[in-house]
$ cat target-v9.txt   # compact mmCIF, C-alpha atoms
# COMPACT_ATOMS: atom_id res chain seq x y z
CA MET D 1 0.00 0.00 0.00
CA LYS D 2 1.61 3.29 -1.13
CA THR D 3 0.96 6.32 1.05
CA SER D 4 2.55 9.42 2.56
CA SER D 5 2.04 11.70 5.51
CA ASP D 6 -0.16 13.99 3.38
CA GLY D 7 -2.05 10.98 2.13
CA ILE D 8 -2.65 9.77 5.66
CA TYR D 9 -4.00 13.11 6.84
CA GLY D 10 -6.13 13.38 3.73
CA TRP D 11 -7.57 9.93 4.41
CA MET D 12 -8.38 10.97 7.97
CA LYS D 13 -10.11 14.18 6.88
CA SER D 14 -12.33 12.22 4.53
CA GLY D 15 -14.57 11.37 7.46
CA LEU D 16 -12.73 9.09 9.88
CA GLY D 17 -12.35 11.83 12.46
CA ALA D 18 -11.65 9.32 15.23
CA PHE D 19 -8.10 8.67 13.95
CA VAL D 20 -5.01 10.76 14.65
CA ALA D 21 -1.61 10.41 12.92
CA GLU D 22 1.67 10.58 14.77
CA PRO D 23 5.23 9.94 13.46
CA CYS D 24 6.42 6.51 14.54
CA LEU D 25 10.05 6.76 15.73
CA GLY D 26 10.51 3.33 17.23
CA TYR D 27 13.50 2.31 15.09
CA GLY D 28 16.85 3.81 15.98
CA GLY D 29 16.56 3.63 19.75
CA GLU D 30 13.79 6.23 20.12
CA GLU D 31 10.17 5.82 21.36
CA LEU D 32 8.12 2.80 20.58
CA CYS D 33 4.71 2.91 18.95
CA PRO D 34 2.35 4.92 21.24
CA ARG D 35 0.46 2.67 23.66
CA ARG D 36 -3.13 3.47 22.80
CA LEU D 37 -6.33 1.48 22.57
CA GLY D 38 -5.35 0.31 19.10
CA ALA D 39 -3.18 1.21 16.15
CA PHE D 40 -2.69 0.65 12.45
CA CYS D 41 0.86 0.96 11.07
CA SER D 42 1.01 2.42 7.60
CA PRO D 43 4.30 2.26 5.62
CA ALA D 44 6.30 5.20 4.35
CA PRO D 45 6.09 6.09 0.64
CA ASP D 46 8.91 3.72 -0.37
CA GLU D 47 7.35 0.74 1.42
CA ALA D 48 4.65 -1.55 0.10
CA ASP D 49 3.69 -3.64 3.12
CA PHE D 50 0.99 -3.05 5.70
CA CYS D 51 0.69 -4.18 9.28
CA GLY D 52 -2.69 -4.36 11.04
CA VAL D 53 -3.21 -4.93 14.74
CA SER D 54 -6.04 -5.78 17.11
CA GLU D 55 -8.20 -2.84 18.17
CA LEU D 56 -7.53 -3.85 21.77
CA GLN D 57 -3.70 -3.86 21.59
CA SER D 58 -0.83 -1.52 20.87
CA CYS D 59 1.05 -2.02 17.65
CA VAL D 60 2.80 -5.37 17.94
CA TRP D 61 5.59 -4.27 15.62
CA ASN D 62 8.33 -1.86 16.52
CA CYS D 63 7.67 0.75 13.94
CA CYS D 64 10.68 1.43 11.77
CA TYR D 65 12.14 4.81 10.91
CA GLY D 66 10.10 6.72 8.34
CA ARG D 67 6.76 5.04 9.05
CA PHE D 68 3.65 6.80 10.28
CA CYS D 69 1.44 5.28 12.98
CA ILE D 70 -2.23 6.05 12.72
CA VAL D 71 -3.38 5.68 16.29
CA VAL D 72 -6.93 4.94 17.14
CA ALA D 73 -7.88 7.32 19.91
CA GLU D 74 -10.68 5.77 21.94
CA PHE D 75 -11.38 3.65 18.89
CA LYS D 76 -14.41 1.78 20.06
CA MET D 77 -16.37 4.69 21.49
CA ASN D 78 -15.79 7.24 18.78
CA TYR D 79 -15.96 4.84 15.86
CA LEU D 80 -19.17 3.24 16.98
CA TYR D 81 -20.79 6.59 17.78
CA GLY D 82 -19.71 8.02 14.47
CA ALA D 83 -20.65 5.08 12.29
CA PHE D 84 -23.53 3.33 14.04
CA GLY D 85 -24.65 5.13 17.20
CA SER D 86 -26.63 8.26 17.91
CA PRO D 87 -24.67 11.53 17.90
CA CYS D 88 -26.55 12.66 21.01
CA THR D 89 -28.51 11.49 24.02
CA VAL D 90 -32.09 12.60 24.59
CA SER D 91 -33.84 12.66 27.95
CA ILE D 92 -37.42 13.58 28.88
CA ASP D 93 -38.20 14.76 32.42
CA PHE D 94 -41.38 15.94 34.14
CA VAL D 95 -41.14 19.16 36.16
CA ASP D 96 -42.74 17.51 39.21
CA ALA D 97 -40.95 14.17 38.85
CA GLU D 98 -39.76 14.16 42.47
CA THR D 99 -43.22 14.72 43.98
CA ARG D 100 -45.48 12.99 41.46
CA LYS D 101 -46.95 9.63 42.45
CA GLN D 102 -45.67 6.49 40.75
CA ALA D 103 -47.66 3.53 39.44
CA SER D 104 -46.31 0.00 39.77
CA VAL D 105 -46.60 -1.63 36.33
CA LYS D 106 -45.80 -5.21 35.41
CA LYS D 107 -43.95 -5.58 32.10
CA GLU D 108 -44.22 -8.48 29.65
CA ASN D 109 -41.11 -10.13 31.10
CA GLY D 110 -42.72 -10.20 34.55
CA GLN D 111 -40.61 -7.40 36.00
CA THR D 112 -42.32 -4.58 37.86
CA VAL D 113 -41.33 -0.97 37.14
CA LEU D 114 -42.45 2.39 38.49
CA VAL D 115 -43.76 4.98 36.00
CA PRO D 116 -45.14 8.50 36.60
CA LEU D 117 -48.87 8.54 37.35
CA PHE D 118 -51.29 11.09 35.87
CA LEU D 119 -55.03 11.65 36.12
CA GLY D 120 -57.28 12.07 33.13
CA GLN D 121 -57.34 15.91 33.10
CA ASP D 122 -53.79 16.61 34.32
CA SER D 123 -51.40 18.90 32.47
CA VAL D 124 -48.25 17.19 31.23
CA VAL D 125 -45.33 19.57 31.75
CA GLY D 126 -41.59 18.98 31.55
CA GLU D 127 -38.45 19.50 29.53
CA VAL D 128 -36.46 17.73 26.83
CA ARG D 129 -32.68 17.76 27.11
CA ILE D 130 -30.41 16.98 24.14
CA ASP D 131 -26.72 16.31 24.83
CA PRO D 132 -24.49 15.92 21.75
CA VAL D 133 -21.63 13.45 21.99
CA PRO D 134 -18.36 15.38 22.63
CA GLY D 135 -16.86 16.44 19.35
CA LYS D 136 -20.11 15.84 17.45
CA LYS D 137 -22.84 18.14 16.23
CA VAL D 138 -26.45 17.30 15.49
CA GLU D 139 -27.76 18.69 12.22
CA HIS D 140 -31.55 18.52 12.10
CA THR D 141 -34.57 19.75 10.20
CA GLY D 142 -36.67 20.22 13.33
CA VAL D 143 -37.34 18.89 16.83
CA LYS D 144 -40.82 18.02 18.08
CA ILE D 145 -42.52 16.25 20.98
CA GLU D 146 -45.78 14.29 20.73
CA LEU D 147 -48.18 13.05 23.38
CA LEU D 148 -49.72 9.83 22.10
CA GLY D 149 -52.43 7.54 23.41
CA GLN D 150 -52.13 4.15 21.70
CA ILE D 151 -53.81 0.74 21.66
CA GLU D 152 -51.83 -2.32 20.61
CA LEU D 153 -53.50 -5.67 20.01
CA TYR D 154 -51.04 -8.51 20.51
CA PHE D 155 -52.33 -10.52 17.52
CA ASP D 156 -51.49 -7.41 15.48
CA ARG D 157 -48.26 -6.61 17.33
CA GLY D 158 -46.34 -3.61 16.09
CA ASN D 159 -49.41 -1.79 14.77
CA PHE D 160 -50.55 0.97 17.13
CA TYR D 161 -53.96 2.63 16.96
CA ASP D 162 -53.66 6.26 18.06
CA PHE D 163 -56.73 7.64 19.82
CA THR D 164 -54.93 10.74 21.16
CA SER D 165 -52.25 12.69 19.31
CA LEU D 166 -50.93 16.13 20.31
CA VAL D 167 -47.78 17.80 18.91
CA ARG D 168 -45.51 20.62 20.07
CA GLU D 169 -42.71 21.94 17.86
CA LEU D 170 -39.58 22.51 19.93
CA ASP D 171 -36.98 23.80 17.46
CA VAL D 172 -36.59 25.02 13.89
CA PRO D 173 -34.02 23.46 11.52
CA GLY D 174 -30.42 24.04 12.56
CA GLU D 175 -27.49 22.56 14.46
CA ILE D 176 -27.04 21.51 18.07
CA LEU D 177 -23.44 21.86 19.21
CA GLU D 178 -23.87 21.68 22.98
CA ARG D 179 -26.51 20.73 25.54
CA LYS D 180 -29.87 22.25 24.75
CA THR D 181 -33.01 22.20 26.87
CA TYR D 182 -36.57 22.64 25.59
CA PRO D 183 -39.54 23.14 27.94
CA PHE D 184 -42.89 21.67 26.88
CA GLU D 185 -46.47 21.70 28.16
CA PHE D 186 -49.65 19.87 27.22
CA SER D 187 -52.39 21.65 29.18
CA THR D 188 -55.36 19.76 30.67
CA VAL D 189 -55.08 16.88 28.24
CA GLU D 190 -58.22 14.78 27.87
CA MET D 191 -56.97 11.28 28.58
CA GLN D 192 -60.35 9.57 28.76
CA TYR D 193 -59.12 5.98 28.85
CA GLU D 194 -57.04 4.37 31.57
CA SER D 195 -53.68 2.75 30.89
CA TYR D 196 -54.01 -1.02 30.72
CA ASN D 197 -51.71 -4.02 30.25
CA GLY D 198 -53.81 -7.09 29.53
CA VAL D 199 -53.42 -10.60 28.18
CA ASN D 200 -53.99 -9.67 24.54
CA VAL D 201 -54.11 -5.88 24.49
CA ARG D 202 -52.20 -2.88 25.78
CA LEU D 203 -53.33 0.73 26.14
CA ARG D 204 -50.50 3.14 26.81
CA TYR D 205 -49.63 6.84 26.89
CA ILE D 206 -46.19 8.01 25.78
CA LEU D 207 -44.18 11.13 25.10
CA LYS D 208 -42.26 10.83 21.85
CA VAL D 209 -39.40 13.18 20.92
CA THR D 210 -38.28 13.20 17.28
CA ILE D 211 -35.15 14.90 15.94
CA SER D 212 -35.70 14.92 12.17
CA ARG D 213 -32.63 14.61 9.93
CA SER D 214 -32.28 14.88 6.16
CA TYR D 215 -29.46 12.45 5.39
CA ALA D 216 -29.68 10.07 8.35
CA THR D 217 -32.33 8.24 10.28
CA ASN D 218 -34.37 10.31 12.71
CA ILE D 219 -33.43 10.22 16.39
CA VAL D 220 -36.42 9.13 18.49
CA GLU D 221 -36.83 8.87 22.27
CA TYR D 222 -39.87 7.62 24.24
CA LYS D 223 -41.09 8.04 27.80
CA ASP D 224 -44.07 6.11 29.16
CA PHE D 225 -46.47 7.38 31.79
CA TRP D 226 -49.55 5.86 33.42
CA VAL D 227 -53.08 7.26 33.50
CA ARG D 228 -55.90 6.53 35.94
CA ASN D 229 -59.40 7.98 36.08
CA TYR D 230 -61.66 8.17 39.12
CA SER D 231 -65.40 7.64 38.95
CA PRO D 232 -68.07 8.99 41.29
CA GLN D 233 -70.03 6.59 43.45
CA PRO D 234 -72.99 5.24 41.44
CA GLU D 235 -76.35 6.72 42.37
CA ILE D 236 -78.13 3.40 41.79
CA ASN D 237 -76.53 0.21 43.03
CA ASN D 238 -79.06 -2.62 43.15
CA SER D 239 -78.49 -5.88 44.94
CA ILE D 240 -78.15 -9.18 43.07
CA LYS D 241 -80.56 -11.96 43.98
CA MET D 242 -81.03 -15.19 42.02
CA GLU D 243 -82.36 -18.71 42.42
CA VAL D 244 -80.58 -21.55 40.63
CA GLY D 245 -80.55 -25.31 40.83
CA ILE D 246 -80.97 -28.74 39.31
CA GLU D 247 -84.51 -30.07 39.17
CA ASP D 248 -85.34 -32.33 42.14
CA CYS D 249 -81.64 -32.39 43.15
CA LEU D 250 -80.41 -28.96 44.20
CA HIS D 251 -82.06 -25.62 44.74
CA ILE D 252 -80.11 -22.65 46.10
CA GLU D 253 -80.67 -18.92 46.38
CA PHE D 254 -77.78 -16.47 46.48
CA GLU D 255 -77.77 -12.78 47.22
CA TYR D 256 -75.08 -10.08 46.97
CA SER D 257 -75.62 -6.72 48.64
CA LYS D 258 -74.83 -4.72 45.48
CA SER D 259 -73.82 -5.07 41.83
CA LYS D 260 -71.19 -2.29 41.55
CA TYR D 261 -67.96 -2.31 43.56
CA HIS D 262 -64.94 -0.04 43.84
CA LEU D 263 -61.49 -1.63 43.68
CA LYS D 264 -61.00 -1.70 47.49
CA ASP D 265 -64.55 -2.77 48.29
CA VAL D 266 -65.92 -5.82 50.13
CA ILE D 267 -68.33 -8.32 48.59
CA VAL D 268 -71.00 -9.18 51.13
CA GLY D 269 -73.71 -11.76 50.53
CA LYS D 270 -75.49 -14.95 51.60
CA ILE D 271 -76.30 -18.33 50.11
CA TYR D 272 -79.45 -20.24 51.11
CA PHE D 273 -79.87 -23.98 50.51
CA LEU D 274 -83.53 -24.65 49.78
CA LEU D 275 -83.14 -28.24 48.50
CA VAL D 276 -80.09 -30.54 48.80
CA ARG D 277 -80.26 -34.07 47.39
CA ILE D 278 -76.70 -34.37 46.10
CA LYS D 279 -73.60 -34.78 48.23
CA ILE D 280 -71.72 -31.49 47.99
CA LYS D 281 -68.05 -31.63 49.02
CA HIS D 282 -67.23 -27.93 49.02
CA MET D 283 -68.20 -24.55 47.55
CA GLU D 284 -66.11 -21.59 46.46
CA LEU D 285 -66.51 -18.11 45.01
CA GLU D 286 -64.27 -16.96 42.14
CA ILE D 287 -63.53 -13.54 40.72
CA ARG D 288 -63.03 -13.84 36.97
CA ARG D 289 -61.90 -11.28 34.42
CA ARG D 290 -62.88 -11.59 30.77
CA GLU D 291 -60.95 -9.61 28.19
CA SER D 292 -62.54 -9.26 24.73
CA THR D 293 -60.51 -7.93 21.79
CA GLY D 294 -61.54 -7.27 18.22
CA SER D 295 -65.11 -7.00 17.01
CA GLY D 296 -67.78 -9.03 15.27
CA PRO D 297 -66.63 -12.45 14.03
CA ASN D 298 -63.02 -11.52 14.90
CA THR D 299 -63.74 -11.14 18.62
CA TYR D 300 -61.37 -13.07 20.86
CA ASN D 301 -62.19 -13.70 24.53
CA GLU D 302 -59.61 -14.48 27.20
CA SER D 303 -60.75 -15.35 30.74
CA GLU D 304 -58.59 -15.59 33.85
CA THR D 305 -59.39 -16.41 37.45
CA LEU D 306 -58.04 -13.70 39.74
CA ALA D 307 -59.22 -15.04 43.10
CA LYS D 308 -60.72 -18.15 44.71
CA TYR D 309 -62.47 -17.94 48.05
CA GLU D 310 -63.67 -21.09 49.77
CA ILE D 311 -67.12 -20.52 51.21
CA MET D 312 -67.90 -23.96 52.59
CA ASP D 313 -66.14 -27.26 53.23
CA GLY D 314 -68.51 -30.16 53.82
CA ALA D 315 -72.09 -31.09 52.98
CA PRO D 316 -74.80 -28.48 53.60
CA VAL D 317 -78.31 -29.28 54.79
CA ARG D 318 -81.65 -27.92 53.75
CA GLY D 319 -82.39 -24.50 55.24
CA GLU D 320 -78.74 -23.70 55.93
CA SER D 321 -77.45 -20.16 55.24
CA ILE D 322 -73.78 -19.49 54.36
CA PRO D 323 -72.45 -15.90 54.69
CA ILE D 324 -70.03 -14.40 52.16
CA ARG D 325 -67.47 -11.70 52.90
CA LEU D 326 -64.70 -11.24 50.31
CA PHE D 327 -62.23 -8.32 50.42
CA LEU D 328 -61.15 -7.05 46.99
CA SER D 329 -58.10 -4.97 47.99
CA PRO D 330 -55.53 -7.85 47.80
CA TYR D 331 -56.29 -8.52 44.14
CA ASP D 332 -54.96 -6.84 41.00
CA LEU D 333 -58.21 -5.43 39.62
CA THR D 334 -59.00 -2.69 37.13
CA PRO D 335 -62.28 -0.89 36.47
CA THR D 336 -64.72 -2.40 34.01
CA TYR D 337 -63.90 -1.18 30.50
CA ARG D 338 -66.67 -1.27 27.91
CA ASN D 339 -65.84 -1.07 24.20
CA ILE D 340 -62.72 1.08 24.52
CA ASN D 341 -62.28 2.86 21.19
CA ASN D 342 -64.08 -0.10 19.55
CA LYS D 343 -60.99 -2.25 20.26
CA PHE D 344 -61.48 -4.10 23.54
CA SER D 345 -63.58 -4.60 26.67
CA VAL D 346 -62.81 -5.88 30.17
CA LYS D 347 -65.58 -7.33 32.35
CA TYR D 348 -65.68 -8.96 35.79
CA TYR D 349 -67.78 -11.85 37.06
CA LEU D 350 -68.55 -13.56 40.36
CA ASN D 351 -68.53 -17.29 39.72
CA LEU D 352 -70.16 -19.51 42.35
CA VAL D 353 -68.81 -23.08 42.12
CA LEU D 354 -70.14 -26.21 43.88
CA VAL D 355 -68.20 -29.51 43.74
CA ASP D 356 -69.83 -32.83 44.66
CA GLU D 357 -68.14 -35.97 45.97
CA GLU D 358 -67.67 -37.26 42.43
CA ASP D 359 -65.83 -34.02 41.56
CA ARG D 360 -68.59 -32.80 39.28
CA ARG D 361 -68.74 -29.01 39.20
CA TYR D 362 -71.86 -26.86 39.21
CA PHE D 363 -71.50 -23.15 38.75
CA LYS D 364 -73.43 -19.92 38.28
CA GLN D 365 -71.83 -16.76 36.93
CA GLN D 366 -72.97 -13.19 37.55
CA GLU D 367 -71.46 -10.02 36.07
CA ILE D 368 -70.48 -7.17 38.39
CA THR D 369 -69.27 -3.66 37.61
CA MET D 370 -65.92 -2.39 38.93
CA TYR D 371 -65.00 1.29 39.23
CA ARG D 372 -62.12 3.32 40.67
CA ALA D 373 -63.10 5.52 43.62
CA GLU D 374 -61.06 8.47 44.89
$ encode --input "target-v9.txt" --output "structure tokens"
Amino acid sequence: MKTSSDGIYGWMKSGLGAFVAEPCLGYGGEELCPRRLGAFCSPAPDEADFCGVSELQSCVWNCCYGRFCIVVAEFKMNYLYGAFGSPCTVSIDFVDAETRKQASVKKENGQTVLVPLFLGQDSVVGEVRIDPVPGKKVEHTGVKIELLGQIELYFDRGNFYDFTSLVRELDVPGEILERKTYPFEFSTVEMQYESYNGVNVRLRYILKVTISRSYATNIVEYKDFWVRNYSPQPEINNSIKMEVGIEDCLHIEFEYSKSKYHLKDVIVGKIYFLLVRIKIKHMELEIRRRESTGSGPNTYNESETLAKYEIMDGAPVRGESIPIRLFLSPYDLTPTYRNINNKFSVKYYLNLVLVDEEDRRYFKQQEITMYRAE
């Protein structure tokens, strides 16, 4: 490979700004090749050979007189940033981050994280900070921040349905040479739906910062936050009372004190045995959640049992009354969601289960309404 000192510097100026050239005076009793993170030894003009070395070692050859050593200064960091990585870091912070409540959210991998908690009519206020990598500049055609409310169905993963979309322009086209901070505010945003992570669907709210660039991919940063909405106590809350049974074998009557419950409520009720001609082994009450996604013939239902409460162990007799008292606070419940943006619904049921001595199961299911109280 034929080259010269001018050729080396010209090669460096062509875009590989991470490299610096230094004369290599190892031969003749003077200094050895500089001990840097890595080095490439390039021959003098009258030489035709080339020595390459590992990026993690100094030059393994003692450079001879007349050669030039192109030393990789912090090779890995600068090269990767320049060629593959982002030329800046972007952070999004809320102005009241230290005092704002946090919601505990379980991710898909089972880990629990804390995210900022907002109510449905809160203002979303904060700042965006852009820090260029030292020695780099960020050329852009504009900077903006978006507040997005999105629904993602897991059978259509990757496609988000936006039901809320607000935009604030933060900067006009130009260059960012040093740290720059942009305040933003979305005033009294109407976030009518609650955040939700379900079995087959996810509803989320995010802040999305986009640095648009002409000749490179856009730089995008996201920040999630959680939304909850409180509901007033229902004016009408009727009790549930039903009679069920098997003809000439079993006849029971059950009663619950109300049909609408807040998330920290207590289910209170009674079960009356009017006729018992089968040998019942035990009885339990289940709380079940049914998640429906899609619509029409493409509706998919997923049910899960959230709680099991044993009401009775042993055979009842005619005329016996069994009380029910089930606390809801220990369970991971959400409000009832009905046809959210025509994408999904979440409903709750009380499922009364009787098991006889032959392990046959008899059950009766009753829908209840859940709401979030202040």
$ closest_atom_pairs --input "target-v9.txt" --of "region 121-185 of chain D" --to "region 344-360 of chain D" --cutoff "12 Å" --atoms "all atoms listed in the file" --output "CSV"
residue,atom,partner,partner_atom,distance
D:Ile151,CA,D:Phe344,CA,9.3
D:Glu152,CA,D:Phe344,CA,10.2
D:Leu153,CA,D:Phe344,CA,8.9
D:Tyr154,CA,D:Phe344,CA,11.7
$ closest_residue --input "target-v9.txt" --among "D:Asp96, D:Glu221, D:Asp162, D:Glu374" --to "His262 (chain D)" --atoms "only C-alpha atoms"
D:Glu374
$ atom_distance --input "target-v9.txt" --atom1 "CA of Arg318 (chain D)" --atom2 "CA of Glu255 (chain D)"
16.9 Å
$ residues_around --input "target-v9.txt" --residues "region 331-333 of chain D" --least-positions-apart "5" --cutoff "10 Å" --atoms "all atoms listed in the file" --output "PyMOL selection string"
chain D and resi 262-264+287+289+306-307+348+370-372
$ atom_distance --input "target-v9.txt" --atom1 "CA of Ile211 (chain D)" --atom2 "CA of Asn159 (chain D)"
22.0 Å
$ atom_distance --input "target-v9.txt" --atom1 "CA of Gly126 (chain D)" --atom2 "CA of Thr164 (chain D)"
18.8 Å
$ closest_residue --input "target-v9.txt" --among "D:Glu286, D:Ile130, D:Lys270, D:Tyr215" --to "Ile240 (chain D)" --atoms "all atoms listed in the file"
D:Lys270
$ closest_residue --input "target-v9.txt" --among "D:Thr141, D:Ser329, D:Gln192, D:Asn237" --to "Asp122 (chain D)" --atoms "only C-alpha atoms"
D:Gln192
$ closest_residue --input "target-v9.txt" --among "D:Ser195, D:Asn229, D:Ser91, D:Thr299" --to "Arg179 (chain D)" --atoms "all atoms listed in the file"
D:Ser91
$ closest_residue --input "target-v9.txt" --among "D:Lys180, D:Arg202, D:Arg361, D:Arg228" --to "Asp131 (chain D)" --atoms "all atoms listed in the file"
D:Lys180
$ closest_residue --input "target-v9.txt" --among "D:Phe160, D:Pro183, D:Ile92, D:Phe225" --to "Leu114 (chain D)" --atoms "only C-alpha atoms"
D:Phe225
$ residues_near_point --input "target-v9.txt" --point "(-42.7, 27.3, 33.5)" --cutoff "12 Å" --atoms "only C-alpha atoms" --output "ChimeraX atom specification"
/D:94-96,124-127,182-186
$ residues_around --input "target-v9.txt" --residues "Ile176 (chain D)" --least-positions-apart "4" --cutoff "12 Å" --atoms "all atoms listed in the file" --output "list in words"
Pro87, Cys88, Thr89, Arg129, Ile130, Asp131, Pro132, Val133, Pro134, Gly135, Lys136, Lys137, Val138, Glu139, His140, Thr141, Gly142, Val143, Asp171, Val172, Lys180, Thr181 and Ile211 of chain D
